[in-house]
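**Student:** File follows, entry_28.pdb with PDB, C-alpha atoms:
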MODEL        1
ATOM      1  CA  MET A 399     -33.673  -7.892   8.595
ATOM      2  CA  ASN A 400     -31.268  -5.456   6.999
ATOM      3  CA  LYS A 401     -32.246  -3.036   4.249
ATOM      4  CA  GLN A 402     -30.753  -5.168   1.466
ATOM      5  CA  THR A 403     -32.937  -8.099   2.520
ATOM      6  CA  LEU A 404     -36.054  -5.943   2.741
ATOM      7  CA  ALA A 405     -35.400  -4.497  -0.712
ATOM      8  CA  THR A 406     -34.875  -7.966  -2.194
ATOM      9  CA  ILE A 407     -38.109  -9.291  -0.654
ATOM     10  CA  SER A 408     -40.032  -6.232  -1.838
ATOM     11  CA  ALA A 409     -38.756  -6.706  -5.391
ATOM     12  CA  GLU A 410     -39.775 -10.376  -5.382
ATOM     13  CA  CYS A 411     -43.245  -9.459  -4.107
ATOM     14  CA  GLU A 412     -43.902  -7.322  -7.184
ATOM     15  CA  LYS A 413     -43.643 -10.415  -9.368
ATOM     16  CA  PHE A 414     -46.810 -11.806  -7.763
ATOM     17  CA  ILE A 415     -48.861  -9.263  -9.753
ATOM     18  CA  GLY A 416     -47.332 -10.601 -12.968
ATOM     19  CA  THR A 417     -44.630  -8.030 -13.754
ATOM     20  CA  GLN A 418     -41.011  -9.113 -14.168
ATOM     21  CA  GLY A 419     -39.538  -6.020 -12.498
ATOM     22  CA  GLY A 420     -35.870  -5.743 -11.665
ATOM     23  CA  GLY A 421     -36.242  -4.170  -8.240
ATOM     24  CA  MET A 422     -34.608  -0.794  -8.805
ATOM     25  CA  ASP A 423     -37.485   1.129  -7.216
ATOM     26  CA  GLN A 424     -37.483  -1.044  -4.122
ATOM     27  CA  ALA A 425     -33.705  -0.909  -3.794
ATOM     28  CA  ILE A 426     -33.434   2.876  -3.884
ATOM     29  CA  ALA A 427     -36.462   3.265  -1.586
ATOM     30  CA  TYR A 428     -34.525   1.468   1.138
ATOM     31  CA  LEU A 429     -30.886   2.208   0.299
ATOM     32  CA  ALA A 430     -30.878   5.885  -0.693
ATOM     33  CA  GLN A 431     -28.383   8.205   1.010
ATOM     34  CA  GLU A 432     -28.460  11.960   1.340
ATOM     35  CA  GLY A 433     -26.618  13.825  -1.408
ATOM     36  CA  CYS A 434     -25.782  10.661  -3.339
ATOM     37  CA  ALA A 435     -26.804   8.630  -6.314
ATOM     38  CA  GLN A 436     -26.616   4.882  -5.755
ATOM     39  CA  LEU A 437     -24.916   2.370  -8.026
ATOM     40  CA  ILE A 438     -27.237  -0.601  -7.538
ATOM     41  CA  GLU A 439     -25.947  -4.052  -8.421
ATOM     42  CA  TRP A 440     -27.525  -7.480  -8.067
ATOM     43  CA  ASN A 441     -26.897 -11.093  -7.055
ATOM     44  CA  PRO A 442     -26.468 -10.220  -4.266
ATOM     45  CA  LEU A 443     -28.067  -6.782  -3.989
ATOM     46  CA  ARG A 444     -25.546  -4.087  -3.094
ATOM     47  CA  ALA A 445     -25.470  -0.305  -3.383
ATOM     48  CA  THR A 446     -22.477   1.991  -3.704
ATOM     49  CA  PRO A 447     -23.054   5.685  -2.910
ATOM     50  CA  ILE A 448     -21.877   8.140  -5.573
ATOM     51  CA  GLN A 449     -21.491  11.678  -4.250
ATOM     52  CA  LEU A 450     -23.257  14.194  -6.474
ATOM     53  CA  PRO A 451     -22.046  17.767  -7.136
ATOM     54  CA  ALA A 452     -23.286  20.156  -4.467
ATOM     55  CA  ASN A 453     -24.746  22.653  -6.955
ATOM     56  CA  GLY A 454     -26.837  20.031  -8.745
ATOM     57  CA  VAL A 455     -30.577  20.481  -8.208
ATOM     58  CA  PHE A 456     -33.129  17.916  -9.347
ATOM     59  CA  VAL A 457     -36.648  18.573 -10.580
ATOM     60  CA  ILE A 458     -39.382  15.947 -10.667
ATOM     61  CA  ALA A 459     -42.182  16.599 -13.161
ATOM     62  CA  ASN A 460     -45.297  14.470 -13.531
ATOM     63  CA  SER A 461     -46.336  13.957 -17.160
ATOM     64  CA  LEU A 462     -49.960  13.372 -16.087
ATOM     65  CA  SER A 463     -50.038  10.250 -18.230
ATOM     66  CA  GLU A 464     -50.445   7.007 -16.356
ATOM     67  CA  ALA A 465     -49.577   3.425 -17.232
ATOM     68  CA  ASN A 466     -50.476   0.350 -15.229
ATOM     69  CA  LYS A 467     -47.614  -1.964 -16.092
ATOM     70  CA  ALA A 468     -49.444  -4.947 -14.583
ATOM     71  CA  ALA A 469     -52.448  -4.412 -16.866
ATOM     72  CA  THR A 470     -50.591  -4.562 -20.204
ATOM     73  CA  SER A 471     -47.853  -6.708 -21.695
ATOM     74  CA  ASP A 472     -45.592  -3.772 -22.653
ATOM     75  CA  PHE A 473     -43.324  -3.994 -19.599
ATOM     76  CA  ASN A 474     -42.917  -7.779 -19.683
ATOM     77  CA  GLN A 475     -42.450  -7.673 -23.455
ATOM     78  CA  ARG A 476     -39.253  -5.641 -22.956
ATOM     79  CA  VAL A 477     -38.048  -8.050 -20.273
ATOM     80  CA  VAL A 478     -38.720 -11.042 -22.521
ATOM     81  CA  GLU A 479     -36.955  -9.404 -25.473
ATOM     82  CA  CYS A 480     -33.860  -8.776 -23.346
ATOM     83  CA  ARG A 481     -33.852 -12.357 -22.091
ATOM     84  CA  LEU A 482     -34.273 -13.726 -25.613
ATOM     85  CA  ALA A 483     -31.469 -11.490 -26.879
ATOM     86  CA  SER A 484     -29.118 -12.737 -24.177
ATOM     87  CA  ARG A 485     -30.055 -16.364 -24.789
ATOM     88  CA  LEU A 486     -29.698 -16.091 -28.557
ATOM     89  CA  LEU A 487     -26.261 -14.504 -28.209
ATOM     90  CA  ALA A 488     -25.281 -17.230 -25.743
ATOM     91  CA  LYS A 489     -26.373 -19.937 -28.176
ATOM     92  CA  GLN A 490     -24.448 -18.273 -31.000
ATOM     93  CA  MET A 491     -21.376 -18.280 -28.737
ATOM     94  CA  LYS A 492     -21.945 -21.988 -27.995
ATOM     95  CA  LEU A 493     -22.708 -21.487 -24.306
ATOM     96  CA  ASN A 494     -25.405 -23.026 -22.099
ATOM     97  CA  TRP A 495     -27.942 -20.551 -23.421
ATOM     98  CA  ARG A 496     -30.920 -21.565 -21.292
ATOM     99  CA  GLU A 497     -29.051 -20.513 -18.158
ATOM    100  CA  LEU A 498     -27.910 -17.159 -19.544
ATOM    101  CA  SER A 499     -30.998 -14.955 -19.712
ATOM    102  CA  ARG A 500     -29.282 -11.873 -18.240
ATOM    103  CA  PHE A 501     -26.737  -9.759 -20.112
ATOM    104  CA  ALA A 502     -24.648  -9.477 -16.938
ATOM    105  CA  ASP A 503     -24.382 -13.267 -16.689
ATOM    106  CA  LEU A 504     -23.574 -13.566 -20.389
ATOM    107  CA  GLN A 505     -20.920 -10.874 -20.087
ATOM    108  CA  LYS A 506     -19.350 -12.705 -17.143
ATOM    109  CA  ALA A 507     -19.410 -16.047 -18.972
ATOM    110  CA  LEU A 508     -17.685 -14.510 -21.988
ATOM    111  CA  GLY A 509     -15.273 -12.375 -19.992
ATOM    112  CA  TYR A 510     -16.198  -9.388 -22.150
ATOM    113  CA  SER A 511     -16.160  -5.680 -21.461
ATOM    114  CA  LEU A 512     -19.315  -3.670 -22.085
ATOM    115  CA  GLU A 513     -17.762  -2.342 -25.276
ATOM    116  CA  GLN A 514     -17.161  -5.910 -26.482
ATOM    117  CA  MET A 515     -20.750  -6.828 -25.587
ATOM    118  CA  GLU A 516     -21.997  -3.914 -27.672
ATOM    119  CA  THR A 517     -19.877  -5.073 -30.611
ATOM    120  CA  LEU A 518     -21.236  -8.607 -30.174
ATOM    121  CA  VAL A 519     -24.818  -7.336 -30.407
ATOM    122  CA  LEU A 520     -24.087  -5.222 -33.482
ATOM    123  CA  GLY A 521     -22.463  -8.157 -35.242
ATOM    124  CA  ASN A 522     -24.804 -10.968 -34.217
ATOM    125  CA  LEU A 523     -28.312  -9.580 -33.724
ATOM    126  CA  VAL A 524     -28.656  -8.466 -37.312
ATOM    127  CA  LEU A 525     -32.430  -8.257 -37.730
ATOM    128  CA  ASN A 526     -34.392  -5.184 -36.711
ATOM    129  CA  VAL A 527     -37.371  -7.410 -35.962
ATOM    130  CA  TYR A 528     -37.289 -11.138 -35.199
ATOM    131  CA  SER A 529     -40.435 -13.104 -35.890
ATOM    132  CA  ARG A 530     -41.580 -15.932 -33.683
ATOM    133  CA  SER A 531     -40.621 -18.425 -36.394
ATOM    134  CA  ASP A 532     -37.161 -16.821 -36.677
ATOM    135  CA  LEU A 533     -36.509 -17.466 -32.997
ATOM    136  CA  LEU A 534     -37.899 -21.006 -33.053
ATOM    137  CA  LYS A 535     -35.430 -21.808 -35.825
ATOM    138  CA  LEU A 536     -32.428 -19.970 -34.332
ATOM    139  CA  LEU A 537     -32.914 -21.346 -30.817
ATOM    140  CA  GLU A 538     -33.896 -24.788 -32.154
ATOM    141  CA  VAL A 539     -36.917 -25.066 -29.883
ATOM    142  CA  THR A 540     -40.504 -26.161 -30.341
ATOM    143  CA  GLU A 541     -43.460 -23.804 -30.230
ATOM    144  CA  GLU A 542     -44.536 -25.358 -26.936
ATOM    145  CA  ASP A 543     -41.087 -24.978 -25.361
ATOM    146  CA  PHE A 544     -40.804 -21.405 -26.556
ATOM    147  CA  CYS A 545     -44.223 -20.455 -25.264
ATOM    148  CA  ASN A 546     -44.038 -22.198 -21.890
ATOM    149  CA  ASN A 547     -40.396 -21.638 -20.949
ATOM    150  CA  LEU A 548     -39.171 -18.525 -22.747
ATOM    151  CA  LEU A 549     -42.190 -16.224 -22.558
ATOM    152  CA  THR A 550     -44.292 -14.895 -19.698
ATOM    153  CA  PRO A 551     -48.028 -15.625 -19.502
ATOM    154  CA  ASN A 552     -48.972 -12.183 -20.803
ATOM    155  CA  THR A 553     -46.475 -12.232 -23.711
ATOM    156  CA  ARG A 554     -47.405 -15.639 -25.151
ATOM    157  CA  HIS A 555     -49.386 -13.893 -27.859
ATOM    158  CA  SER A 556     -46.345 -11.937 -29.118
ATOM    159  CA  GLN A 557     -45.328 -12.589 -32.705
ATOM    160  CA  THR A 558     -42.449 -10.120 -33.157
ATOM    161  CA  PHE A 559     -39.456  -9.239 -30.985
ATOM    162  CA  LYS A 560     -36.935  -6.379 -31.174
ATOM    163  CA  LEU A 561     -33.858  -8.033 -29.705
ATOM    164  CA  ARG A 562     -31.179  -5.809 -31.255
ATOM    165  CA  GLN A 563     -32.727  -2.530 -30.068
ATOM    166  CA  ARG A 564     -33.401  -3.725 -26.507
ATOM    167  CA  ALA A 565     -29.913  -5.187 -26.131
ATOM    168  CA  LEU A 566     -28.241  -2.034 -27.429
ATOM    169  CA  HIS A 567     -30.226   0.114 -25.006
ATOM    170  CA  VAL A 568     -29.287  -2.004 -21.985
ATOM    171  CA  LEU A 569     -25.594  -2.192 -22.827
ATOM    172  CA  GLN A 570     -25.217   1.437 -23.899
ATOM    173  CA  GLU A 571     -27.110   2.545 -20.800
ATOM    174  CA  SER A 572     -24.633   0.568 -18.690
ATOM    175  CA  LEU A 573     -21.814   2.428 -20.403
ATOM    176  CA  ARG A 574     -23.548   5.725 -19.618
ATOM    177  CA  VAL A 575     -23.796   4.692 -15.964
ATOM    178  CA  GLN A 576     -20.041   4.112 -15.921
ATOM    179  CA  GLN A 577     -19.447   7.526 -17.491
ATOM    180  CA  PHE A 578     -21.796   9.196 -14.991
ATOM    181  CA  ILE A 579     -19.955   7.607 -12.058
ATOM    182  CA  GLU A 580     -16.550   8.587 -13.414
ATOM    183  CA  THR A 581     -17.748  12.151 -13.958
ATOM    184  CA  ALA A 582     -19.100  12.338 -10.401
ATOM    185  CA  ARG A 583     -15.896  10.949  -8.908
ATOM    186  CA  THR A 584     -13.506  13.184 -10.835
ATOM    187  CA  ASN A 585     -15.809  16.241 -10.560
ATOM    188  CA  PRO A 586     -14.427  18.251 -13.537
ATOM    189  CA  ASP A 587     -15.360  21.900 -14.026
ATOM    190  CA  ASP A 588     -18.076  20.872 -16.492
ATOM    191  CA  CYS A 589     -19.324  18.031 -14.282
ATOM    192  CA  ILE A 590     -23.023  18.935 -14.379
ATOM    193  CA  ALA A 591     -22.922  19.681 -18.121
ATOM    194  CA  ARG A 592     -21.543  16.173 -18.745
ATOM    195  CA  MET A 593     -24.173  14.613 -16.506
ATOM    196  CA  LYS A 594     -26.922  16.527 -18.314
ATOM    197  CA  ALA A 595     -25.686  15.209 -21.655
ATOM    198  CA  LEU A 596     -25.737  11.631 -20.369
ATOM    199  CA  MET A 597     -29.295  12.030 -19.086
ATOM    200  CA  LYS A 598     -30.394  13.423 -22.446
ATOM    201  CA  GLN A 599     -28.767  10.482 -24.251
ATOM    202  CA  SER A 600     -30.448   8.106 -21.837
ATOM    203  CA  HIS A 601     -33.915   9.438 -22.589
ATOM    204  CA  GLU A 602     -33.312   9.340 -26.315
ATOM    205  CA  SER A 603     -32.328   5.677 -26.015
ATOM    206  CA  LEU A 604     -35.409   4.930 -23.904
ATOM    207  CA  ARG A 605     -37.521   6.652 -26.550
ATOM    208  CA  THR A 606     -36.039   5.096 -29.681
ATOM    209  CA  LEU A 607     -34.419   1.794 -28.690
ATOM    210  CA  TYR A 608     -36.375   0.637 -25.643
ATOM    211  CA  GLU A 609     -39.539   2.417 -26.833
ATOM    212  CA  CYS A 610     -41.030   3.046 -23.396
ATOM    213  CA  SER A 611     -41.566   6.797 -23.495
ATOM    214  CA  HIS A 612     -44.792   8.767 -23.988
ATOM    215  CA  GLU A 613     -45.608  11.941 -25.899
ATOM    216  CA  ASN A 614     -46.090  13.906 -22.663
ATOM    217  CA  LEU A 615     -42.714  12.779 -21.363
ATOM    218  CA  ASP A 616     -41.129  13.745 -24.671
ATOM    219  CA  ARG A 617     -42.771  17.185 -24.536
ATOM    220  CA  ILE A 618     -41.211  17.850 -21.137
ATOM    221  CA  VAL A 619     -37.828  16.670 -22.406
ATOM    222  CA  ASP A 620     -38.107  18.957 -25.444
ATOM    223  CA  ILE A 621     -38.790  21.936 -23.163
ATOM    224  CA  SER A 622     -35.850  20.999 -20.960
ATOM    225  CA  ASP A 623     -33.578  20.762 -24.015
ATOM    226  CA  GLN A 624     -34.439  24.353 -24.918
ATOM    227  CA  LEU A 625     -33.382  25.460 -21.432
ATOM    228  CA  GLY A 626     -30.211  23.367 -21.279
ATOM    229  CA  VAL A 627     -31.585  21.052 -18.594
ATOM    230  CA  GLY A 628     -30.711  17.333 -18.611
ATOM    231  CA  THR A 629     -33.895  15.267 -18.417
ATOM    232  CA  ARG A 630     -34.960  11.645 -18.748
ATOM    233  CA  LEU A 631     -38.020   9.607 -17.904
ATOM    234  CA  THR A 632     -37.828   7.761 -14.619
ATOM    235  CA  GLY A 633     -39.490   4.512 -13.607
ATOM    236  CA  ALA A 634     -40.909   1.969 -16.015
ATOM    237  CA  GLY A 635     -41.983   4.528 -18.613
ATOM    238  CA  TRP A 636     -45.111   4.833 -20.787
ATOM    239  CA  GLY A 637     -46.069   7.759 -18.545
ATOM    240  CA  GLY A 638     -45.256   8.815 -15.022
ATOM    241  CA  CYS A 639     -42.495  11.287 -14.241
ATOM    242  CA  VAL A 640     -39.241  12.697 -15.513
ATOM    243  CA  VAL A 641     -36.212  13.558 -13.423
ATOM    244  CA  ALA A 642     -34.258  16.622 -14.519
ATOM    245  CA  LEU A 643     -30.809  17.839 -13.487
ATOM    246  CA  CYS A 644     -30.325  21.597 -13.179
ATOM    247  CA  ASP A 645     -27.166  23.594 -12.540
ATOM    248  CA  GLY A 646     -28.146  25.497  -9.430
ATOM    249  CA  VAL A 647     -31.312  26.781  -7.795
ATOM    250  CA  GLU A 648     -31.981  29.592 -10.270
ATOM    251  CA  GLU A 649     -31.928  27.266 -13.265
ATOM    252  CA  SER A 650     -34.289  24.877 -11.480
ATOM    253  CA  LYS A 651     -36.720  27.727 -10.733
ATOM    254  CA  ARG A 652     -36.712  28.817 -14.397
ATOM    255  CA  PHE A 653     -37.353  25.253 -15.489
ATOM    256  CA  VAL A 654     -40.284  24.762 -13.102
ATOM    257  CA  GLU A 655     -41.875  28.066 -14.109
ATOM    258  CA  THR A 656     -41.454  27.282 -17.805
ATOM    259  CA  LEU A 657     -43.113  23.903 -17.368
ATOM    260  CA  LYS A 658     -46.061  25.571 -15.667
ATOM    261  CA  THR A 659     -46.664  27.871 -18.630
ATOM    262  CA  GLU A 660     -45.571  25.701 -21.564
ATOM    263  CA  PHE A 661     -46.666  22.250 -20.421
ATOM    264  CA  TYR A 662     -49.159  22.174 -17.561
ATOM    265  CA  ALA A 663     -51.182  25.177 -18.763
ATOM    266  CA  SER A 664     -52.278  23.199 -21.829
ATOM    267  CA  ILE A 665     -53.341  20.050 -19.949
ATOM    268  CA  PRO A 666     -56.924  20.150 -18.609
ATOM    269  CA  LYS A 667     -56.182  17.622 -15.880
ATOM    270  CA  ALA A 668     -53.519  19.923 -14.459
ATOM    271  CA  GLN A 669     -56.042  22.684 -13.854
ATOM    272  CA  THR A 670     -57.636  20.704 -11.029
ATOM    273  CA  CYS A 671     -54.337  19.728  -9.421
ATOM    274  CA  ASP A 672     -51.893  21.406  -7.091
ATOM    275  CA  ILE A 673     -49.090  22.181  -9.550
ATOM    276  CA  GLY A 674     -46.621  22.164  -6.668
ATOM    277  CA  SER A 675     -47.327  18.470  -6.189
ATOM    278  CA  LEU A 676     -46.794  17.777  -9.895
ATOM    279  CA  CYS A 677     -43.538  19.666 -10.468
ATOM    280  CA  PHE A 678     -41.008  20.467  -7.750
ATOM    281  CA  THR A 679     -37.332  20.668  -6.891
ATOM    282  CA  THR A 680     -35.754  18.018  -4.720
ATOM    283  CA  SER A 681     -32.481  16.393  -3.692
ATOM    284  CA  PRO A 682     -31.433  12.832  -2.797
ATOM    285  CA  GLN A 683     -32.324  11.967   0.795
ATOM    286  CA  ARG A 684     -32.129   8.950   3.075
ATOM    287  CA  GLY A 685     -34.189   5.881   2.262
ATOM    288  CA  ALA A 686     -36.940   4.287   4.334
ATOM    289  CA  GLU A 687     -36.063   3.973   7.994
ATOM    290  CA  ILE A 688     -37.674   3.016  11.285
ATOM    291  CA  TYR A 689     -37.426   5.598  14.009
ATOM    292  CA  LEU A 690     -37.704   4.266  17.563
ATOM    293  CA  ILE A 691     -38.916   6.771  20.122
ATOM    294  CA  GLU A 692     -38.087   5.824  23.670
ATOM    295  CA  LYS A 693     -40.934   6.245  26.096
ATOM    296  CA  GLN A 694     -40.186   8.633  28.883
ATOM    297  CA  ASN A 695     -40.967   7.639  32.455
ATOM    298  CA  ASN A 696     -44.381   8.797  33.601
ATOM    299  CA  ILE A 697     -45.094  10.451  30.204
ATOM    300  CA  LEU A 698     -48.732   9.574  30.466
ATOM    301  CA  ASN A 699     -49.024  11.002  33.940
ATOM    302  CA  SER A 700     -47.294  14.240  32.968
ATOM    303  CA  THR A 701     -49.699  14.854  30.093
ATOM    304  CA  ALA A 702     -52.846  13.698  31.864
TER     305      ALA A 702
ENDMDL
END
Before anything else, please render the file you have as structure tokens.
**Tutor:**
Amino acid sequence: MNKQTLATISAECEKFIGTQGGGMDQAIAYLAQEGCAQLIEWNPLRATPIQLPANGVFVIANSLSEANKAATSDFNQRVVECRLASRLLAKQMKLNWRELSRFADLQKALGYSLEQMETLVLGNLVLNVYSRSDLLKLLEVTEEDFCNNLLTPNTRHSQTFKLRQRALHVLQESLRVQQFIETARTNPDDCIARMKALMKQSHESLRTLYECSHENLDRIVDISDQLGVGTRLTGAGWGGCVVALCDGVEESKRFVETLKTEFYASIPKAQTCDIGSLCFTTSPQRGAEIYLIEKQNNILNSTA
């Protein structure tokens, strides 16, 4: 099997624990390339390498807050809200809404740009919070249909849904991805500064619109802002790690040292950990691979 197939299978396997993950983690684990970001697209899975500026240095910092996304409904709630937003927009546009649960599919069906999709959300998803009864009425479905076909088992209790905020995050994040790629490809003099700004905007959107951050993650981002470092949470959120972009080795060293004194020093759990395993510099490397070592003739005899 090729790497794309392995990544797709791995992403599908995660769903057996009840989470409706998109497969980004699995895709990059297999498809990463040295010195590059990857533009990951789906149906079918494909990855396009985006060369990063040579002087960019990344820092990974563990927030020491943990979230088991299979144990709560938070992760699936966001997935459900995005699917409901797409379906409601599709119904408003008089499309086959049950088949259009992904913004990418809705965008393709409408022939819209991302900017037009953003305008559509702003004009059509007018409520900050949709109640369950609101959606039953707008989608013209029964309670049973809604519960069994439009929700996941662990979100069937949900009574309120933030469709506008989740949709805006997804679409605006897609626009930021486009801007990041264009910046990397044109490599202007202020390339890293632009990338930092996009990462900062991304985290703010994750914090306020997608609402999947955590106070520890936000503390690290606040510290990075003071040092001019571009930082965002990485992974599903509600804990875990941030990824930070620094302009050169010296800036990355200052950032790591500042985190040690201003963040980790105040967290009791950090005192029993190897700080070097919690906060460190890194760079994009190759994804998972199988190395085949040919057996040499008589190797056993020569080492006996």
**Student:** Could you tell me how far atom CA of A:Arg444 lies from atom CA of A:Gln424, in Å and to one decimal?
**Tutor:** 12.4 Å
**Student:** Report as a list of chain:residue names all protein, DNA and RNA residues lying within 7 Å of A:Gly454, evaluated on all atoms listed in the file, omitting residues in the same chain fewer than 3 positions from it.
**Tutor:**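 Once the adjacent positions are removed, what remains is A:Pro451, A:Ile590, A:Leu643, A:Cys644, A:Asp645, A:Gly646.
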**Student:** Care to translate the PyMOL selection byres ((chain A and resi 607) around 10) into actual residues of this file, as JSON, numbers by chain?
**Tutor:** {"A": [560, 561, 562, 563, 564, 565, 566, 567, 568, 601, 602, 603, 604, 605, 606, 608, 609, 610]}
**Student:** Written as a PyMOL selection string, what is the full residue list that the PyMOL selection byres ((chain A and resi 598) around 12) yields on the file shown?
**Tutor:** chain A and resi 571+574+591-597+599-605+616+618-624+626-631+640-643
**Student:** Can you pull out every residue within 12 Å of A:Ala483, counting only C-alpha atoms, but drop anything in the same chain fewer than 2 positions away, and send it as number ranges by chain?
**Tutor:** A: 476-481, 485-490, 495-496, 498-501, 504, 515, 518-520, 522-525, 527-528, 533, 536-537, 548, 559-569
**Student:** Could you work out how far atom CA of A:Glu497 lies from atom CA of A:Thr553, giving the answer in Å with one decimal?
**Tutor:**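 One can read the atom CA of A:Thr553 to atom CA of A:Glu497 distance as 20.1 Å.
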**Student:** Name the residues captured by the PyMOL selection byres ((chain A and resi 465) around 12) when it is applied to the shown file; answer as a short mmCIF file (atom, residue, chain, number, x, y, z; two decimals) with C-alpha atoms, in the coordinates of the input.
**Tutor:**
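File produced: result03.cif:
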data_model
loop_
_atom_site.label_atom_id
_atom_site.label_comp_id
_atom_site.auth_asym_id
_atom_site.auth_seq_id
_atom_site.Cartn_x
_atom_site.Cartn_y
_atom_site.Cartn_z
CA SER A 461 -46.34 13.96 -17.16
CA LEU A 462 -49.96 13.37 -16.09
CA SER A 463 -50.04 10.25 -18.23
CA GLU A 464 -50.44 7.01 -16.36
CA ASN A 466 -50.48 0.35 -15.23
CA LYS A 467 -47.61 -1.96 -16.09
CA ALA A 468 -49.44 -4.95 -14.58
CA ALA A 469 -52.45 -4.41 -16.87
CA THR A 470 -50.59 -4.56 -20.20
CA SER A 471 -47.85 -6.71 -21.70
CA ASP A 472 -45.59 -3.77 -22.65
CA PHE A 473 -43.32 -3.99 -19.60
CA CYS A 610 -41.03 3.05 -23.40
CA SER A 611 -41.57 6.80 -23.50
CA HIS A 612 -44.79 8.77 -23.99
CA GLY A 633 -39.49 4.51 -13.61
CA ALA A 634 -40.91 1.97 -16.02
CA GLY A 635 -41.98 4.53 -18.61
CA TRP A 636 -45.11 4.83 -20.79
CA GLY A 637 -46.07 7.76 -18.55
CA GLY A 638 -45.26 8.82 -15.02
CA CYS A 639 -42.50 11.29 -14.24
#
**Student:** Figure out the distance between atom CA of A:Ile579 and atom CA of A:Glu410, please, to one decimal in Å.
**Tutor:**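 Going from atom CA of A:Glu410 over to atom CA of A:Ile579 covers 27.6 Å.
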**Student:** Of the candidates A:Gln402, A:Leu534, A:Asp423, A:Asn460, which shows the shortest atom-to-atom distance to A:Leu482, using only C-alpha atoms?
**Tutor:**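 Counting only C-alpha atoms, the residue closest to A:Leu482 is A:Leu534.
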**Student:** To box stretch 576-589 of chain A, take all atoms listed in the file, fit an axis-aligned box, add 5 Å on each side, and give centre and edge lengths in Å to one decimal, as lines of an AutoDock Vina configuration file.
**Tutor:**
center_x = -17.7
center_y = 13.0
center_z = -13.2
size_x = 18.3
size_y = 27.8
size_z = 18.6
**Student:** Would you list the residues near (-20.9, 12.7, -7.4) (no more than 12 Å away, in the coordinates of the file, using all atoms listed in the file) as a PyMOL selection string?
**Tutor:** chain A and resi 432-437+446-454+577-586+589-590+592-593+682
**Student:** Which is closest to A:Tyr662 among A:Lys506, A:Lys535, A:Arg554, A:Arg617, if we use all atoms listed in the file?
**Tutor:** A:Arg617
**Student:** Tell me which of A:Gln514, A:Asn614, A:Gln505, A:Asn546 sits closest to A:Glu660, counting all atoms listed in the file.
**Tutor:** A:Asn614
**Student:** Compare A:Ala507, A:Lys658, A:Thr403, A:Ile691 by their minimum atom-to-atom distance to A:Met491, counting all atoms listed in the file, and give me the closest one.
**Tutor:**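 Nearest to A:Met491: A:Ala507.
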**Student:** Excluding stretch 668-680 of chain A and residues on its chain fewer than 6 positions from it, collect all residues at most 7 Å away from it, counting all atoms listed in the file, and give them as a PyMOL selection string.
**Tutor:** chain A and resi 455-460+650+654+662
**Student:** Now that the selection is made, can you save its residues with C-alpha atoms as a PDB file, in the coordinates of the input?
**Tutor:**
ATOM      1  CA  VAL A 455     -30.577  20.481  -8.208  1.00  0.00           C
ATOM      2  CA  PHE A 456     -33.129  17.916  -9.347  1.00  0.00           C
ATOM      3  CA  VAL A 457     -36.648  18.573 -10.580  1.00  0.00           C
ATOM      4  CA  ILE A 458     -39.382  15.947 -10.667  1.00  0.00           C
ATOM      5  CA  ALA A 459     -42.182  16.599 -13.161  1.00  0.00           C
ATOM      6  CA  ASN A 460     -45.297  14.470 -13.531  1.00  0.00           C
ATOM      7  CA  SER A 650     -34.289  24.877 -11.480  1.00  0.00           C
ATOM      8  CA  VAL A 654     -40.284  24.762 -13.102  1.00  0.00           C
ATOM      9  CA  TYR A 662     -49.159  22.174 -17.561  1.00  0.00           C
TER      10      TYR A 662
END
